[in-house]
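Shown next: work_35.cif, containing mmCIF, C-alpha atoms.
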data_my_file
loop_
_atom_site.label_atom_id
_atom_site.label_comp_id
_atom_site.auth_asym_id
_atom_site.auth_seq_id
_atom_site.Cartn_x
_atom_site.Cartn_y
_atom_site.Cartn_z
CA MET N 1 115.73 108.32 117.25
CA ALA N 2 112.83 107.38 119.43
CA ARG N 3 109.63 105.86 118.22
CA ALA N 4 106.97 107.52 120.28
CA ALA N 5 103.31 106.83 120.55
CA VAL N 6 101.18 109.10 118.44
CA LEU N 7 98.00 110.49 119.88
CA GLY N 8 94.70 109.01 118.78
CA ARG N 9 92.42 110.73 116.34
CA LEU N 10 93.92 113.81 114.70
CA ILE N 11 91.30 116.55 114.51
CA TRP N 12 91.50 119.73 112.47
CA ARG N 13 92.14 122.81 114.62
CA VAL N 14 91.99 126.48 113.70
CA ALA N 15 95.39 128.20 113.72
CA THR N 16 95.60 131.99 113.92
CA VAL N 17 98.74 133.78 112.75
CA ALA N 18 100.10 135.69 115.74
CA GLU N 19 103.37 136.89 114.25
CA VAL N 20 105.39 136.65 111.06
CA ARG N 21 109.19 136.61 111.01
CA GLU N 22 111.21 136.89 107.81
CA GLU N 23 114.06 134.38 108.00
CA THR N 24 115.59 134.78 104.53
CA ASP N 25 114.48 136.26 101.19
CA ALA N 26 112.35 133.18 100.61
CA ALA N 27 111.65 131.73 104.05
CA ARG N 28 109.32 132.93 106.77
CA THR N 29 108.33 131.74 110.18
CA LEU N 30 104.66 131.86 111.12
CA VAL N 31 103.99 131.95 114.86
CA LEU N 32 100.58 130.35 115.37
CA ASP N 33 98.07 130.33 118.18
CA VAL N 34 96.41 126.92 118.10
CA PRO N 35 93.84 126.54 120.89
CA GLY N 36 93.85 122.98 122.24
CA TRP N 37 97.26 122.13 120.76
CA PRO N 38 98.24 118.86 122.50
CA GLY N 39 102.00 119.47 122.30
CA HIS N 40 104.52 117.75 120.08
CA LEU N 41 107.83 115.94 119.94
CA ALA N 42 110.87 117.49 118.30
CA GLY N 43 110.86 116.38 114.66
CA GLN N 44 107.11 115.99 114.16
CA HIS N 45 105.09 117.80 111.49
CA VAL N 46 101.60 119.12 110.86
CA ASP N 47 99.18 119.02 107.98
CA VAL N 48 97.93 122.44 106.88
CA ARG N 49 94.62 122.84 105.03
CA LEU N 50 93.82 126.06 103.18
CA THR N 51 90.29 126.71 101.93
CA ALA N 52 89.41 129.39 99.38
CA GLU N 53 86.17 131.36 99.37
CA ASP N 54 84.61 129.07 96.75
CA GLY N 55 85.27 126.03 98.92
CA TYR N 56 88.36 124.79 97.06
CA SER N 57 90.85 123.42 99.55
CA THR N 58 94.27 121.83 99.49
CA GLN N 59 96.66 120.36 102.03
CA ARG N 60 100.41 120.19 102.59
CA SER N 61 102.69 118.95 105.37
CA PHE N 62 105.13 121.24 107.22
CA SER N 63 107.70 120.56 109.91
CA ILE N 64 107.31 122.19 113.30
CA ALA N 65 110.12 124.62 114.17
CA SER N 66 109.24 125.55 117.75
CA ALA N 67 110.49 123.68 120.81
CA PRO N 68 108.15 121.00 122.15
CA ASP N 69 107.20 122.93 125.29
CA SER N 70 106.48 126.29 123.63
CA SER N 71 103.04 127.86 123.97
CA THR N 72 102.74 128.60 120.25
CA VAL N 73 103.36 126.47 117.19
CA GLU N 74 105.93 127.84 114.75
CA LEU N 75 106.23 126.75 111.13
CA THR N 76 109.10 127.91 108.96
CA VAL N 77 108.10 127.74 105.31
CA LEU N 78 110.30 128.16 102.24
CA ARG N 79 108.50 129.79 99.33
CA ILE N 80 108.96 127.77 96.17
CA VAL N 81 108.24 128.86 92.62
CA ASP N 82 104.58 128.12 91.82
CA GLY N 83 104.14 126.71 95.32
CA GLU N 84 100.39 126.81 95.82
CA VAL N 85 100.53 126.66 99.60
CA SER N 86 104.09 127.83 100.32
CA SER N 87 103.56 131.06 98.40
CA TYR N 88 100.52 131.79 100.57
CA LEU N 89 102.14 130.87 103.89
CA ALA N 90 105.51 132.47 103.10
CA GLY N 91 104.07 135.40 101.17
CA VAL N 92 100.50 136.38 101.91
CA ALA N 93 99.63 135.21 105.43
CA SER N 94 99.55 138.05 107.96
CA PRO N 95 98.81 138.34 111.67
CA GLY N 96 95.15 137.56 112.31
CA ASP N 97 94.75 135.26 109.31
CA ARG N 98 93.39 131.81 110.01
CA PHE N 99 93.73 128.38 108.49
CA GLU N 100 93.29 124.78 109.56
CA LEU N 101 95.98 122.53 110.92
CA ARG N 102 96.15 119.06 112.40
CA GLY N 103 98.84 117.15 114.16
CA PRO N 104 101.32 116.49 115.44
CA VAL N 105 102.07 113.76 112.91
CA GLY N 106 104.97 111.34 112.75
CA GLY N 107 106.42 109.38 115.64
CA TYR N 108 109.51 108.11 113.87
CA PHE N 109 111.88 110.97 113.11
CA THR N 110 111.90 112.49 116.57
CA TRP N 111 114.33 113.33 119.35
CA GLN N 112 113.46 113.34 123.03
CA THR N 113 115.52 114.47 126.00
CA SER N 114 115.55 110.87 127.22
CA ASP N 115 117.66 109.96 124.16
CA THR N 116 121.21 110.22 125.46
CA ALA N 117 123.27 109.08 122.46
CA PRO N 118 125.24 111.73 120.53
CA VAL N 119 123.30 113.05 117.54
CA LEU N 120 124.51 114.00 114.05
CA LEU N 121 122.03 116.29 112.30
CA VAL N 122 122.37 116.71 108.53
CA ALA N 123 120.20 119.22 106.66
CA GLY N 124 119.97 120.88 103.29
CA GLY N 125 118.02 124.12 102.79
CA SER N 126 114.64 124.12 104.51
CA GLY N 127 115.40 120.63 105.81
CA ILE N 128 116.88 122.43 108.79
CA VAL N 129 113.40 123.09 110.24
CA PRO N 130 112.69 119.82 112.10
CA LEU N 131 116.33 119.72 113.24
CA MET N 132 116.03 123.26 114.64
CA CYS N 133 113.04 122.00 116.61
CA MET N 134 115.37 119.39 118.13
CA ILE N 135 118.14 121.94 118.81
CA ARG N 136 115.65 124.26 120.51
CA GLY N 137 114.10 121.43 122.49
CA ARG N 138 117.53 120.32 123.63
CA ALA N 139 118.35 123.83 124.83
CA ALA N 140 114.96 124.26 126.52
CA ALA N 141 115.60 121.06 128.48
CA SER N 142 119.19 122.16 129.31
CA SER N 143 120.36 118.90 127.76
CA ARG N 144 124.09 118.39 127.24
CA VAL N 145 123.72 115.51 124.77
CA PRO N 146 126.32 116.15 122.03
CA PHE N 147 124.67 117.55 118.88
CA ARG N 148 126.60 118.18 115.69
CA LEU N 149 124.83 119.96 112.84
CA VAL N 150 125.98 119.79 109.22
CA TYR N 151 123.98 122.31 107.20
CA SER N 152 124.25 122.76 103.44
CA VAL N 153 122.81 125.77 101.61
CA ARG N 154 122.97 127.06 98.04
CA ASN N 155 124.47 130.34 99.18
CA PRO N 156 125.13 131.94 102.58
CA SER N 157 122.06 134.20 102.40
CA ALA N 158 119.82 131.14 102.04
CA ALA N 159 120.80 129.83 105.48
CA ILE N 160 117.71 129.81 107.69
CA TYR N 161 118.19 130.62 111.41
CA ALA N 162 121.78 131.72 110.73
CA THR N 163 121.83 134.29 113.55
CA GLU N 164 120.21 132.02 116.09
CA LEU N 165 122.49 129.12 115.15
CA ALA N 166 125.59 131.29 115.56
CA ARG N 167 124.35 132.36 119.00
CA ARG N 168 123.45 128.83 120.05
CA VAL N 169 126.83 127.44 119.02
CA ARG N 170 128.37 129.96 121.43
CA HIS N 171 125.98 129.34 124.31
CA ASP N 172 124.47 125.83 124.00
CA LYS N 173 127.13 123.57 125.50
CA GLY N 174 127.71 120.48 123.38
CA LEU N 175 126.14 121.90 120.21
CA ASP N 176 128.58 122.24 117.39
CA LEU N 177 128.37 123.39 113.79
CA PRO N 178 131.62 122.41 112.08
CA MET L 1 82.59 123.56 108.40
CA SER L 2 85.94 124.62 107.03
CA VAL L 3 87.60 127.88 107.88
CA ILE L 4 87.93 130.19 104.87
CA THR L 5 91.47 131.50 104.66
CA ARG L 6 91.68 135.17 103.70
CA GLY L 7 93.89 135.83 100.71
CA PHE L 8 94.08 132.21 99.57
CA SER L 9 92.58 131.55 96.15
CA GLY L 10 94.36 128.35 95.21
CA ARG L 11 96.25 127.73 92.03
CA GLY L 12 94.26 124.90 90.58
CA ARG L 13 90.98 123.20 91.03
CA ARG L 14 91.07 119.55 91.90
CA GLY L 15 90.39 117.30 88.95
CA GLU L 16 88.00 114.39 89.14
CA ASP L 17 90.94 112.00 89.17
CA LEU L 18 92.62 113.22 92.38
CA PRO L 19 91.58 111.96 95.82
CA PRO L 20 90.73 114.57 98.50
CA GLY L 21 93.66 116.60 99.85
CA GLN L 22 96.03 115.47 97.07
CA TYR L 23 97.89 117.64 94.56
CA LEU L 24 99.33 116.68 91.20
CA THR L 25 103.07 116.32 90.74
CA GLU L 26 104.98 115.60 87.55
CA ASP L 27 108.24 114.48 89.15
CA PHE L 28 108.69 111.39 91.30
CA PRO L 29 109.47 112.30 94.93
CA VAL L 30 111.52 109.86 97.02
CA LEU L 31 110.59 109.34 100.68
CA SER L 32 112.08 106.51 102.70
CA ALA L 33 112.15 105.69 106.41
CA GLY L 34 115.79 104.62 106.23
CA PRO L 35 118.76 104.26 103.93
CA THR L 36 118.30 102.66 100.52
CA PRO L 37 119.40 99.03 100.88
CA LYS L 38 121.89 97.67 98.39
CA VAL L 39 120.31 94.51 97.05
CA ASP L 40 122.30 92.46 94.57
CA VAL L 41 120.02 90.45 92.26
CA ASP L 42 122.44 87.52 92.58
CA GLN L 43 121.55 87.36 96.26
CA TRP L 44 117.98 88.58 95.88
CA GLU L 45 115.14 86.32 96.83
CA PHE L 46 111.41 86.83 97.11
CA GLY L 47 109.35 84.63 99.41
CA VAL L 48 105.79 83.92 100.42
CA THR L 49 105.41 82.43 103.88
CA ILE L 50 102.10 80.87 104.87
CA GLU L 51 100.60 80.50 108.33
CA THR L 52 102.24 77.08 108.88
CA GLY L 53 105.66 78.63 108.31
CA GLN L 54 106.06 76.94 104.94
CA ARG L 55 107.93 79.19 102.52
CA HIS L 56 107.68 79.51 98.76
CA ARG L 57 110.62 81.28 97.18
CA TRP L 58 111.76 82.74 93.90
CA SER L 59 115.26 83.75 92.82
CA TRP L 60 115.66 86.78 90.55
CA PRO L 61 115.76 84.67 87.32
CA GLU L 62 112.75 82.70 88.58
CA LEU L 63 110.75 85.87 89.17
CA LEU L 64 111.62 87.19 85.72
CA ALA L 65 110.53 83.88 84.21
CA LEU L 66 107.01 84.27 85.58
CA PRO L 67 104.38 85.81 83.28
CA SER L 68 104.56 89.59 83.60
CA GLU L 69 102.07 92.38 83.04
CA THR L 70 102.48 96.01 82.00
CA ILE L 71 100.14 98.29 83.93
CA THR L 72 99.47 102.02 83.94
CA VAL L 73 98.23 103.28 87.29
CA ASP L 74 97.92 106.42 89.43
CA LEU L 75 100.01 106.81 92.60
CA HIS L 76 98.83 108.60 95.74
CA CYS L 77 101.29 109.32 98.56
CA VAL L 78 100.02 110.15 102.05
CA THR L 79 102.36 113.17 102.04
CA LYS L 80 99.81 114.69 99.57
CA TRP L 81 101.38 114.24 96.15
CA SER L 82 99.76 112.20 93.42
CA LYS L 83 101.34 111.13 90.14
CA LEU L 84 99.04 109.99 87.37
CA GLY L 85 99.51 107.50 84.56
CA THR L 86 102.68 105.75 85.72
CA THR L 87 103.65 102.64 83.78
CA TRP L 88 105.14 99.59 85.46
CA ARG L 89 106.01 96.02 84.59
CA GLY L 90 105.88 93.20 87.07
CA VAL L 91 104.33 89.96 88.19
CA SER L 92 100.78 89.94 89.47
CA ILE L 93 100.41 88.76 93.07
CA ASP L 94 97.75 86.40 91.66
CA THR L 95 100.55 84.69 89.73
CA VAL L 96 102.79 84.52 92.77
CA LEU L 97 100.02 83.01 94.89
CA ALA L 98 98.73 80.61 92.23
CA ASP L 99 100.22 77.54 93.90
CA VAL L 100 100.07 78.81 97.48
CA GLU L 101 97.41 77.31 99.72
CA SER L 102 96.48 79.36 102.74
CA ALA L 103 93.53 80.23 104.97
CA ALA L 104 95.06 83.62 105.81
CA ASP L 105 93.14 86.90 105.52
CA PHE L 106 96.04 89.25 106.24
CA VAL L 107 99.47 90.04 104.88
CA LEU L 108 102.56 91.59 106.39
CA ALA L 109 104.94 92.64 103.63
CA HIS L 110 108.64 92.69 104.57
CA SER L 111 111.39 94.62 102.81
CA TYR L 112 115.14 94.42 102.56
CA GLY L 113 116.21 97.00 105.13
CA GLY L 114 113.55 95.96 107.65
CA TYR L 115 110.50 97.97 106.57
CA THR L 116 107.09 96.34 106.99
CA THR L 117 103.52 97.21 106.01
CA ASN L 118 100.25 95.33 106.51
CA LEU L 119 97.31 94.80 104.16
CA PRO L 120 94.26 92.58 103.89
CA LEU L 121 95.03 89.70 101.52
CA GLU L 122 91.99 90.59 99.42
CA ASP L 123 93.68 93.89 98.51
CA LEU L 124 96.59 92.03 96.92
CA VAL L 125 94.60 89.63 94.71
CA ASP L 126 92.26 89.79 91.72
CA GLY L 127 94.54 92.04 89.67
CA LYS L 128 95.06 94.71 92.34
CA ALA L 129 98.76 94.27 93.16
CA TRP L 130 102.11 93.37 91.63
CA VAL L 131 105.75 92.71 92.37
CA ALA L 132 107.04 95.42 90.04
CA TYR L 133 110.57 95.48 88.62
CA GLU L 134 110.35 98.00 85.77
CA TYR L 135 109.24 101.61 85.84
CA ASP L 136 108.66 103.55 82.64
CA GLY L 137 110.36 100.85 80.58
CA GLU L 138 113.56 100.79 82.65
CA PRO L 139 114.76 98.55 85.49
CA LEU L 140 113.35 99.92 88.74
CA ALA L 141 115.89 102.30 90.31
CA PRO L 142 117.01 101.56 93.90
CA GLU L 143 115.57 104.83 95.28
CA HIS L 144 112.15 103.82 93.97
CA GLY L 145 112.39 100.33 95.43
CA GLY L 146 114.49 98.40 92.96
CA PRO L 147 115.25 95.70 92.17
CA ALA L 148 111.59 95.01 92.95
CA ARG L 149 108.82 96.58 94.99
CA LEU L 150 105.27 95.82 95.89
CA LEU L 151 102.80 97.91 93.87
CA VAL L 152 99.32 98.34 95.36
CA PRO L 153 98.13 101.50 93.62
CA HIS L 154 94.61 101.68 95.08
CA LEU L 155 96.06 102.36 98.56
CA TYR L 156 98.40 105.12 99.76
CA LEU L 157 101.90 104.46 98.47
CA TRP L 158 103.45 103.49 101.83
CA LYS L 159 101.59 100.18 101.35
CA SER L 160 103.61 99.57 98.15
CA ALA L 161 106.69 98.36 100.02
CA LYS L 162 109.97 99.21 98.30
CA TRP L 163 112.67 96.50 98.15
CA VAL L 164 110.07 93.85 98.88
CA ARG L 165 111.54 90.61 100.21
CA GLU L 166 108.65 88.63 101.60
CA ILE L 167 104.90 88.37 101.79
CA GLU L 168 103.92 86.84 105.11
CA LEU L 169 100.37 85.44 105.14
CA LEU L 170 98.75 85.73 108.57
CA LEU L 171 95.53 84.59 110.19
CA GLU L 172 95.40 87.79 112.27
CA ASP L 173 96.26 91.35 111.28
CA GLN L 174 99.65 92.60 112.46
CA GLN L 175 100.59 96.28 112.16
CA GLY L 176 103.49 97.30 109.98
CA PHE L 177 106.00 100.11 110.45
CA TRP L 178 103.97 103.25 109.75
CA GLU L 179 100.71 101.67 110.85
CA SER L 180 102.16 101.24 114.36
CA VAL L 181 103.13 104.93 114.68
CA GLY L 182 99.88 106.61 113.77
CA TYR L 183 99.20 105.98 110.12
CA HIS L 184 95.91 104.41 109.05
CA ASN L 185 95.68 100.64 109.08
CA TYR L 186 94.04 100.47 105.63
CA GLY L 187 94.99 103.69 103.81
CA ASP L 188 92.33 104.27 101.15
CA PRO L 189 93.19 107.62 99.49
CA TRP L 190 89.62 108.13 98.21
CA ARG L 191 88.35 108.02 101.80
CA GLU L 192 91.37 110.06 102.95
CA GLN L 193 92.44 107.43 105.48
CA ARG L 194 95.78 109.03 106.39
CA TYR L 195 95.99 108.60 110.15
CA TRP L 196 94.46 106.62 112.99
CA GLY L 197 90.81 107.58 113.36
CA ASP L 198 90.41 108.96 109.82
#
For this file, produce the structure as structure tokens.
Amino acid sequence: MARAAVLGRLIWRVATVAEVREETDAARTLVLDVPGWPGHLAGQHVDVRLTAEDGYSTQRSFSIASAPDSSTVELTVLRIVDGEVSSYLAGVASPGDRFELRGPVGGYFTWQTSDTAPVLLVAGGSGIVPLMCMIRGRAAASSRVPFRLVYSVRNPSAAIYATELARRVRHDKGLDLP
Amino acid sequence: MSVITRGFSGRGRRGEDLPPGQYLTEDFPVLSAGPTPKVDVDQWEFGVTIETGQRHRWSWPELLALPSETITVDLHCVTKWSKLGTTWRGVSIDTVLADVESAADFVLAHSYGGYTTNLPLEDLVDGKAWVAYEYDGEPLAPEHGGPARLLVPHLYLWKSAKWVREIELLLEDQQGFWESVGYHNYGDPWREQRYWGD
């Protein structure tokens, strides 16, 4: 995995929910418009800050799901029991809602098209998200670098991106899901 | 001015004892940049290298023979979780450095497995840091940095290098692993110094 330079100061930007996609019973993808988004590498994450009306705020980190060159930023969030932020993002947030976000963060766990070595991706549950970003980025760049994904889930209905993965395994040459 | 997020009320209100942006957790998350190194205490060694290259070293029995302290401290991880009132046993860095003469102002901590992190020397002395080898009354588990880790609880937890192997004293600051890829050079949780420029 490449170690890439991270941009300088990370400022908070306003993200507006453009679209919501249900992925599983508990996971949703938020498609976000983030004016001024500087772009990201596959595998990076963002910090999300939610602020309530009384000024209370809290932060969490989420992996980016969308390919590096996409015009929007997509986060796929798994709702966890009592999750203060995940139950908002994967339950309440609707198109037009706004919150703060900064990033991209993390220059270590990334994949770039210039990396030519075969890649083994191993994920459990929502851990698929940053790896999907890599799979999408690979496809967007028409890369043929061999990718093998091993994905473990508690039950078949908990598999995030199942339909897209099945399609990609058929069409993305060199991607394989044993 | 923060953006108010419609429909978000928040579950809790931040207590006085949590730094900004942190939330309380009761479990003990494990986050590592690489695989957990297997370190046999028979082969284990801890060293302090000074700016001349001279090295002071301790074997595992020698470390255990040093005076130890039991401390209860709060932990703050840059990934936002905080864990309060954790109890550790270990050797104060003051004890380790008692017979070490150096003009250095900076430290680069090295771990088994290759991880590094940098700190000002003054943040390791005067009762602020330990080489910890017990957590909650038990030998420190490998996933939490065992057999021994650095413990610097007043800074974000990535500064508390797991599997610590060496403290390198330096005349000039040298960035460690996360510090070189965008994380803050100092990492004070109370000033929310997470990333470059914070």
- [ ] For Leu89 of chain N, please output as a ChimeraX atom specification all residues within 9 Å (counting all atoms listed in the file; exclusion window: fewer than 2 positions along the same chain).
- [x] /N:28-30,77-79,85-87,91-94
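The two atoms in question, atom CA of Val169 of chain N and atom CA of Arg138 of chain N, are spaced 12.6 Å apart.
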Open item on the list: Could you work out which residues of chain L fall inside 12 Å of chain N? Count only C-alpha atoms, and format the result as an MDAnalysis selection string.
Closed with: chainID L and resid 1:15 18:25 32:34 77:81 177:184 192:198
- [ ] Can you turn the PyMOL selection byres ((chain L and resi 51) around 12) into a concrete residue list for this file, as a list of chain:residue names?
- [x] L:Val48, L:Thr49, L:Ile50, L:Thr52, L:Gly53, L:Gln54, L:Arg55, L:His56, L:Val100, L:Glu101, L:Ser102, L:Ala103, L:Ala104, L:Asp105, L:Phe106, L:Val107, L:Leu108, L:Ile167, L:Glu168, L:Leu169, L:Leu170, L:Leu171, L:Glu172
Task: atom CA of Pro95 of chain N to atom CA of Ala26 of chain N, distance in Å rounded to a single decimal - done: 18.2 Å
Task: Contacts of Gly176 of chain L at 9 Å (only C-alpha atoms; same-chain gap of 4+ positions) as a ChimeraX atom specification - done: /L:108-110,115-119,180-181,185
Saved selection, atoms kept: C-alpha atoms, as an mmCIF file, in the frame of the given file:
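File produced: again.cif:
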data_model
loop_
_atom_site.group_PDB
_atom_site.id
_atom_site.type_symbol
_atom_site.label_atom_id
_atom_site.label_comp_id
_atom_site.auth_asym_id
_atom_site.auth_seq_id
_atom_site.Cartn_x
_atom_site.Cartn_y
_atom_site.Cartn_z
ATOM 1 C CA LEU L 108 102.560 91.590 106.390
ATOM 2 C CA ALA L 109 104.940 92.640 103.630
ATOM 3 C CA HIS L 110 108.640 92.690 104.570
ATOM 4 C CA TYR L 115 110.500 97.970 106.570
ATOM 5 C CA THR L 116 107.090 96.340 106.990
ATOM 6 C CA THR L 117 103.520 97.210 106.010
ATOM 7 C CA ASN L 118 100.250 95.330 106.510
ATOM 8 C CA LEU L 119 97.310 94.800 104.160
ATOM 9 C CA SER L 180 102.160 101.240 114.360
ATOM 10 C CA VAL L 181 103.130 104.930 114.680
ATOM 11 C CA ASN L 185 95.680 100.640 109.080
#
- [ ] Evaluate the PyMOL selection byres ((chain L and resi 87) around 12) here and jot the selected residues down as a VMD selection string.
- [x] chain L and resid 69 to 75 83 to 86 88 to 90 132 to 140 151 153
Task: Target residues per the PyMOL selection byres ((chain N and resi 37-39) around 9), formatted as a ChimeraX atom specification - done: /N:7,13,33-36,40-41,68-73,102-104
- [ ] Determine, counting only C-alpha atoms, every residue of protein, DNA or RNA that lies within 9 Å of (103.0, 89.7, 90.4) in the file coordinates, then give the result as an NGL selection string.
- [x] :L and (63 or 66-69 or 90-97 or 127 or 129-132 or 150-151)
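Counting from atom CA of Val17 of chain N, the distance to atom CA of Ala140 of chain N is 23.3 Å.
When all atoms listed in the file are used to compute distances to Lys38 of chain L, the closest of the residues L:Asp173, L:Glu62, L:Asp188, L:Glu143 turns out to be L:Glu143.
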TODO: Tell me which protein, DNA and RNA residues are within 9 Å of Arg165 of chain L, counting all atoms listed in the file, leaving out same-chain ones fewer than 5 positions away, and put them as a PyMOL selection string.
DONE: chain L and resi 44-48+109-112+148-149
Open item on the list: With all atoms listed in the file as the counted atoms, please give the residues lying no more than 12 Å from Ala141 of chain N, apart from itself and same-chain residues fewer than 5 positions off, as a ChimeraX atom specification.
Closed with: /N:42,67-70,112-114,134-136,172
- [ ] Find the spatial neighbours of Leu177 of chain N, counting only C-alpha atoms, within a cut-off of 12 Å - ignore same-chain residues fewer than 5 positions away - and output them as a PyMOL selection string.
- [x] chain N and resi 120-123+135+146-152+162+165-170+172
